[in-house]
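Trainee: My structure is in work.cif, and what it holds is mmCIF, C-alpha atoms:
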```cif
data_model
loop_
_atom_site.label_atom_id
_atom_site.label_comp_id
_atom_site.auth_asym_id
_atom_site.auth_seq_id
_atom_site.Cartn_x
_atom_site.Cartn_y
_atom_site.Cartn_z
CA MET A 301 20.31 15.66 14.84
CA ASN A 302 16.89 14.39 15.79
CA ALA A 303 14.85 16.97 13.89
CA LEU A 304 14.80 18.72 10.61
CA ASP A 305 16.69 21.94 10.18
CA PRO A 306 14.60 24.98 11.19
CA PRO A 307 13.54 26.05 7.67
CA ALA A 308 11.99 22.63 7.01
CA ALA A 309 10.71 21.87 10.51
CA ALA A 310 7.70 24.21 10.61
CA PRO A 311 5.86 22.96 7.50
CA ALA A 312 6.83 19.38 8.34
CA VAL A 313 4.86 19.68 11.59
CA THR A 314 2.00 21.98 10.58
CA VAL A 315 1.06 20.45 7.21
CA PRO A 316 -1.06 17.28 7.62
CA PRO A 317 0.85 14.13 6.59
CA HIS A 318 -1.87 13.23 4.08
CA VAL A 319 -1.09 16.44 2.18
CA TRP A 320 2.55 15.43 1.89
CA PHE A 321 1.39 12.09 0.51
CA VAL A 322 -0.84 13.71 -2.14
CA VAL A 323 2.08 15.89 -3.33
CA SER A 324 4.30 12.81 -3.42
CA ALA A 325 1.69 10.84 -5.41
CA PHE A 326 1.41 13.58 -8.02
CA PHE A 327 5.15 13.96 -8.58
CA HIS A 328 5.86 10.21 -8.22
CA TYR A 329 4.53 9.71 -11.75
CA LEU A 330 4.66 13.20 -13.25
CA GLY A 331 8.45 13.08 -13.20
CA PRO A 332 8.62 9.67 -14.94
CA ALA A 333 6.09 10.88 -17.52
CA PHE A 334 8.50 13.69 -18.41
CA ALA A 335 11.31 11.12 -18.44
CA VAL A 336 9.46 9.12 -21.12
CA LEU A 337 9.49 12.24 -23.28
CA LEU A 338 13.25 12.52 -22.67
CA PHE A 339 13.82 8.96 -23.95
CA ALA A 340 13.80 10.41 -27.48
CA ARG A 341 17.08 12.21 -26.70
CA VAL A 342 18.76 9.97 -24.10
CA ASP A 343 18.96 6.22 -23.58
CA VAL A 344 16.67 4.84 -20.85
CA LEU A 345 19.46 3.99 -18.39
CA GLY A 346 21.08 7.33 -19.13
CA VAL A 347 17.89 9.06 -18.00
CA ALA A 348 17.91 6.97 -14.81
CA TRP A 349 21.50 8.06 -14.17
CA LEU A 350 20.66 11.73 -14.78
CA ARG A 351 17.69 11.52 -12.41
CA ILE A 352 19.59 9.99 -9.52
CA VAL A 353 22.80 12.01 -9.91
CA ALA A 354 20.85 15.28 -10.20
CA ALA A 355 18.94 14.43 -7.03
CA ALA A 356 22.14 13.39 -5.23
CA LEU A 357 23.83 16.70 -6.06
CA ILE A 358 20.82 18.68 -4.84
CA PHE A 359 20.69 16.72 -1.59
CA ALA A 360 24.45 17.06 -1.14
CA ALA A 361 24.24 20.85 -1.37
CA TRP A 362 21.11 21.07 0.77
CA ARG A 363 21.56 18.51 3.54
CA ARG A 364 25.29 17.62 3.70
CA PRO A 365 24.36 13.90 3.90
CA TRP A 366 27.80 12.66 4.94
CA ARG A 367 27.00 14.08 8.39
CA ALA A 368 23.88 11.92 8.55
CA TYR A 369 25.89 8.86 7.57
CA ARG A 370 28.50 9.51 10.27
CA ALA A 371 25.76 10.03 12.87
CA GLN A 372 24.42 6.48 12.33
CA ASP A 373 25.51 3.37 14.18
CA ASP A 374 26.60 0.32 12.16
CA ALA A 375 23.02 -0.90 11.74
CA GLY A 376 21.92 2.54 10.55
CA ARG A 377 24.73 2.73 8.02
CA ARG A 378 23.83 -0.70 6.64
CA LEU A 379 20.24 0.48 6.35
CA LEU A 380 21.26 3.57 4.36
CA LEU A 381 23.52 1.52 2.09
CA ALA A 382 20.72 -0.95 1.41
CA TRP A 383 18.22 1.83 0.78
CA GLY A 384 20.58 3.55 -1.67
CA ALA A 385 21.19 0.33 -3.61
CA VAL A 386 17.43 -0.32 -3.79
CA LEU A 387 16.79 3.24 -5.04
CA ALA A 388 19.32 2.81 -7.84
CA LEU A 389 18.13 -0.60 -9.01
CA MET A 390 14.45 0.32 -8.63
CA ASN A 391 14.84 3.37 -10.86
CA ALA A 392 16.77 1.44 -13.50
CA CYS A 393 14.08 -1.27 -13.63
CA PHE A 394 11.24 1.27 -13.55
CA TYR A 395 12.56 3.30 -16.47
CA THR A 396 13.27 0.18 -18.51
CA ALA A 397 9.68 -0.94 -17.86
CA ILE A 398 7.97 2.36 -18.74
CA ASP A 399 9.98 2.52 -21.94
CA ARG A 400 8.06 -0.59 -23.05
CA LEU A 401 4.74 -0.45 -21.15
CA PRO A 402 2.08 2.16 -20.32
CA LEU A 403 2.81 4.08 -17.11
CA GLY A 404 -0.48 2.98 -15.51
CA THR A 405 0.31 -0.70 -16.09
CA VAL A 406 3.74 -0.46 -14.47
CA ALA A 407 2.26 1.46 -11.54
CA ALA A 408 -0.41 -1.18 -10.96
CA VAL A 409 2.08 -4.07 -11.09
CA GLU A 410 4.19 -2.26 -8.44
CA PHE A 411 1.66 -3.04 -5.72
CA LEU A 412 1.25 -6.80 -6.15
CA PRO A 413 4.17 -7.77 -3.82
CA VAL A 414 2.89 -5.40 -1.11
CA ILE A 415 -0.51 -7.10 -1.13
CA VAL A 416 0.97 -10.62 -1.32
CA LEU A 417 3.18 -9.96 1.71
CA ALA A 418 0.23 -8.57 3.65
CA ALA A 419 -1.91 -11.59 2.77
CA LEU A 420 0.84 -14.00 3.86
CA GLY A 421 1.52 -12.09 7.08
CA ALA A 422 -2.13 -11.68 8.12
CA ARG A 423 -4.28 -14.50 6.74
CA THR A 424 -7.71 -12.89 6.94
CA GLY A 425 -10.72 -12.97 4.67
CA ARG A 426 -10.18 -9.29 3.92
CA ASN A 427 -6.60 -9.85 2.77
CA ALA A 428 -7.66 -12.89 0.72
CA ALA A 429 -10.21 -10.72 -1.08
CA ALA A 430 -7.57 -8.01 -1.56
CA LEU A 431 -5.14 -10.52 -3.03
CA GLY A 432 -7.83 -11.87 -5.33
CA CYS A 433 -8.64 -8.39 -6.65
CA ALA A 434 -4.97 -7.51 -7.16
CA VAL A 435 -4.08 -10.76 -8.90
CA ALA A 436 -7.10 -10.45 -11.21
CA GLY A 437 -6.17 -6.85 -11.99
CA VAL A 438 -2.54 -7.63 -12.71
CA TYR A 439 -3.60 -10.63 -14.82
CA LEU A 440 -5.76 -8.35 -16.97
CA LEU A 441 -2.96 -5.81 -17.31
CA THR A 442 -0.19 -8.29 -18.02
CA GLY A 443 -2.38 -10.37 -20.32
CA VAL A 444 -2.80 -7.32 -22.51
CA GLN A 445 0.96 -6.71 -22.67
CA PHE A 446 2.57 -10.15 -22.39
CA ALA A 447 2.69 -10.95 -26.11
CA SER A 448 4.13 -7.59 -27.14
CA ALA A 449 6.42 -6.63 -24.24
CA PRO A 450 7.63 -9.60 -22.15
CA VAL A 451 10.91 -7.82 -21.32
CA GLY A 452 8.99 -4.79 -20.10
CA LEU A 453 6.86 -7.00 -17.87
CA ALA A 454 9.94 -8.70 -16.41
CA PHE A 455 11.37 -5.31 -15.44
CA ALA A 456 7.96 -4.18 -14.15
CA PHE A 457 7.83 -7.15 -11.75
CA ALA A 458 11.45 -6.58 -10.69
CA ASN A 459 10.58 -2.93 -10.02
CA ALA A 460 7.54 -4.08 -8.01
CA ALA A 461 9.69 -6.20 -5.68
CA LEU A 462 12.14 -3.33 -5.24
CA PHE A 463 9.29 -0.86 -4.61
CA ALA A 464 7.98 -3.02 -1.74
CA THR A 465 11.51 -3.06 -0.30
CA TYR A 466 11.74 0.72 -0.75
CA ILE A 467 8.58 1.25 1.36
CA VAL A 468 9.94 -0.91 4.19
CA LEU A 469 13.38 0.74 4.21
CA ALA A 470 11.97 4.27 3.86
CA ASP A 471 9.65 3.64 6.80
CA ARG A 472 12.52 2.39 8.97
CA VAL A 473 14.67 5.43 8.17
CA ALA A 474 11.76 7.84 8.75
CA LYS A 475 11.21 6.45 12.25
CA ARG A 476 14.85 6.27 13.41
CA ASP A 477 15.88 8.75 16.11
CA ALA A 478 19.55 9.09 15.17
CA VAL A 479 18.91 11.33 12.16
CA SER A 480 16.00 12.97 10.35
CA GLY A 481 14.37 11.03 7.55
CA ILE A 482 15.30 13.63 4.94
CA ASP A 483 18.96 13.54 5.95
CA GLY A 484 18.84 9.75 5.75
CA LEU A 485 17.29 10.02 2.30
CA ALA A 486 20.05 12.40 1.20
CA ALA A 487 22.71 9.92 2.32
CA ALA A 488 20.93 7.05 0.57
CA MET A 489 20.70 9.09 -2.63
CA LEU A 490 24.48 9.52 -2.66
CA VAL A 491 24.81 5.75 -2.35
CA ALA A 492 22.30 5.36 -5.19
CA ALA A 493 24.40 7.68 -7.39
CA VAL A 494 27.43 5.45 -6.84
CA VAL A 495 25.45 2.26 -7.58
CA ILE A 496 23.77 3.61 -10.75
CA THR A 497 26.99 5.02 -12.26
CA PRO A 498 28.37 1.75 -13.70
CA ILE A 499 24.87 0.95 -15.00
CA GLY A 500 23.90 4.19 -16.68
CA ALA A 501 26.80 6.66 -16.88
CA VAL A 502 27.99 5.56 -20.32
CA ALA A 503 24.46 5.90 -21.70
CA ALA A 504 24.29 9.44 -20.31
CA LEU A 505 27.58 10.63 -21.88
CA PRO A 506 25.92 12.13 -25.01
CA THR A 507 23.97 14.55 -22.78
CA LEU A 508 27.19 16.30 -21.75
CA GLY A 509 27.05 18.19 -25.02
CA ASP A 510 23.29 18.69 -24.99
CA PRO A 511 22.22 21.52 -22.62
CA VAL A 512 18.53 20.84 -23.25
CA ALA A 513 18.88 17.19 -22.24
CA LEU A 514 20.92 18.16 -19.16
CA LEU A 515 18.28 20.65 -18.01
CA ALA A 516 15.55 18.12 -18.70
CA GLY A 517 17.45 15.52 -16.68
CA LEU A 518 17.78 17.98 -13.82
CA GLY A 519 14.04 18.62 -13.97
CA VAL A 520 13.30 14.89 -13.93
CA GLY A 521 15.60 14.47 -10.91
CA VAL A 522 13.85 17.24 -8.96
CA SER A 523 10.33 16.11 -9.84
CA SER A 524 11.00 12.37 -9.50
CA SER A 525 13.57 11.90 -6.74
CA VAL A 526 13.64 15.07 -4.65
CA ILE A 527 10.05 16.28 -4.23
CA PRO A 528 8.25 12.90 -3.92
CA TYR A 529 10.88 11.19 -1.75
CA VAL A 530 11.09 14.16 0.63
CA CYS A 531 7.29 14.19 0.87
CA ASP A 532 7.33 10.43 1.52
CA GLN A 533 9.64 10.96 4.49
CA LEU A 534 7.51 13.80 5.87
CA ALA A 535 4.39 11.62 5.54
CA LEU A 536 5.92 8.39 6.88
CA ALA A 537 7.34 10.14 9.94
CA ARG A 538 3.75 10.81 11.12
CA LEU A 539 1.74 8.00 9.52
CA ALA A 540 1.52 4.35 10.51
CA ARG A 541 2.85 2.10 7.76
CA ALA A 542 -0.62 0.50 7.41
CA THR A 543 -2.17 3.93 6.80
CA TYR A 544 0.50 4.77 4.24
CA ALA A 545 -0.08 1.43 2.51
CA LEU A 546 -3.79 2.23 2.30
CA LEU A 547 -3.11 5.64 0.75
CA VAL A 548 -0.91 4.17 -1.98
CA ALA A 549 -4.11 2.77 -3.50
CA LEU A 550 -4.30 6.18 -5.17
CA LEU A 551 -1.05 5.75 -7.08
CA PRO A 552 -2.15 3.49 -9.98
CA ALA A 553 -5.05 5.85 -10.66
CA VAL A 554 -2.72 8.87 -10.56
CA ALA A 555 -0.31 7.15 -12.94
CA THR A 556 -3.12 6.29 -15.36
CA VAL A 557 -4.40 9.88 -15.40
CA ILE A 558 -0.90 11.31 -15.90
CA GLY A 559 -0.25 8.77 -18.66
CA ILE A 560 -3.40 9.97 -20.44
CA VAL A 561 -2.73 13.70 -20.01
CA VAL A 562 1.04 13.87 -20.55
CA LEU A 563 1.78 10.86 -22.76
CA ALA A 564 -1.58 10.34 -24.53
CA GLN A 565 -1.54 6.69 -23.35
CA LEU A 566 -5.25 5.95 -23.65
CA PRO A 567 -6.04 2.73 -21.74
CA THR A 568 -8.36 0.04 -23.04
CA VAL A 569 -11.41 -1.13 -21.10
CA ALA A 570 -9.45 -4.20 -19.96
CA GLU A 571 -6.56 -2.03 -18.74
CA LEU A 572 -8.91 0.32 -16.87
CA THR A 573 -10.61 -2.69 -15.26
CA GLY A 574 -7.22 -4.08 -14.26
CA VAL A 575 -6.15 -0.79 -12.67
CA ALA A 576 -9.48 -0.55 -10.81
CA LEU A 577 -9.06 -4.09 -9.42
CA VAL A 578 -5.52 -3.34 -8.23
CA ILE A 579 -6.75 -0.15 -6.55
CA ALA A 580 -9.51 -2.17 -4.84
CA GLY A 581 -6.93 -4.72 -3.68
CA VAL A 582 -4.62 -2.08 -2.22
CA GLY A 583 -7.56 -0.38 -0.54
CA LEU A 584 -8.84 -3.63 0.99
CA HIS A 585 -5.59 -5.10 2.28
CA ARG A 586 -4.29 -4.68 5.81
CA ALA A 587 -0.65 -5.11 6.77
CA PRO A 588 0.17 -7.48 9.67
CA GLY A 589 -0.12 -5.75 13.02
#
```
Please re-express this file's structure in structure tokens.

Mentor:
Amino acid sequence: MNALDPPAAAPAVTVPPHVWFVVSAFFHYLGPAFAVLLFARVDVLGVAWLRIVAAALIFAAWRRPWRAYRAQDDAGRRLLLAWGAVLALMNACFYTAIDRLPLGTVAAVEFLPVIVLAALGARTGRNAAALGCAVAGVYLLTGVQFASAPVGLAFAFANAALFATYIVLADRVAKRDAVSGIDGLAAAMLVAAVVITPIGAVAALPTLGDPVALLAGLGVGVSSSVIPYVCDQLALARLARATYALLVALLPAVATVIGIVVLAQLPTVAELTGVALVIAGVGLHRAPG
């Protein structure tokens, strides 16, 4: 199939891609904020497992992703396998990081590799300024947290590298003709469920007797891995990667606001300055080509 199924096709075409991005940005960090609240009942990696498995089951019922996998050539299948593995590892690192660090800090660190790669690929004054802003911002943020949460920072930087890889792989899937981006996402999510199981399934076992935790895990999966990732695909299918990269400048600010409202994580002046510098860096940078 080259297009979305009829029920999804109309809004995918008529709604501007920037709207899909805004919805994705909101849920990208709202879901994890709820996950932080769930950490009181379930181990961090158990929450990551619940999120991915819940999303995989929803996608399996909705999109029948095995059809998308069969429709791919060998290169397409390798792409979906890689994307699924990245999704699993990224979520595990992200949740481990936000268990130890403020949500806004982790969100800001996510964008450093994207800016570094852009600066290396297109050596311009603009990208040099962007890199300078981002490095200064991340330095402020990590300087605040390094003494108290070095493990959290290590996982935040690992998540950042995986997030940059996620953007590249998601963009490639969104623009392939063999299958729709959402069907590709559904197939990758099944792969992610397989990869995350040996990492987080044991930690999630106590939730089997806790209906509240199971429902909360389902809610985190929908708000974190279904809504934002579907919106990403609908946006990427119609946006140039450079435009998408510019829009992600909003994400650290969104994460900071959600951290304040949902988690009462009030940032210091230094942390706010760091987030603002990262946002400036993301806004300034231009990807090669």

Trainee: Please return as a PyMOL selection string every residue within 12 Å of (9.5, 10.7, -0.2), taking into account only C-alpha atoms and the file's own coordinates.

Mentor: chain A and resi 317+320-328+387+466-467+469-471+473-474+481-486+489+522-537+544

Trainee: Grab the atom CA of A:Val557 to atom CA of A:Leu403 distance for me, in Å with one decimal place.

Mentor: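 Those two atoms sit 9.4 Å apart.
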
Trainee: Of the candidates A:Leu381, A:Leu440, A:Ala430, A:Leu505, which shows the shortest atom-to-atom distance to A:Thr568, using all atoms listed in the file?

Mentor: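 Ranking A:Leu381, A:Leu440, A:Ala430, A:Leu505 by distance to A:Thr568, first place goes to A:Leu440.
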
Trainee: Which residue is closest to A:Ala564? Choose from A:Gly346, A:Val520, A:Pro402, A:Arg341 and count all atoms listed in the file.

Mentor: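 Of the candidates, the smallest distance to A:Ala564 is held by A:Pro402.
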
Trainee: State, in Å with one decimal place, the distance from atom CA of A:Ala335 to atom CA of A:Cys393.

Mentor: 13.6 Å

Trainee: Between A:Thr497, A:Thr405, A:Gln372, A:Thr396, which is the closest to A:Leu566 once you count all atoms listed in the file?

Mentor: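 Comparing A:Thr497, A:Thr405, A:Gln372, A:Thr396 against A:Leu566, the winner is A:Thr405.
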
Trainee: Please expand the PyMOL selection byres ((chain A and resi 389) around 10) into the concrete residues it hits in this file, giving the result as a ChimeraX atom specification.

Mentor: /A:348,384-388,390-394,458-459,462-463,492,495-496,499
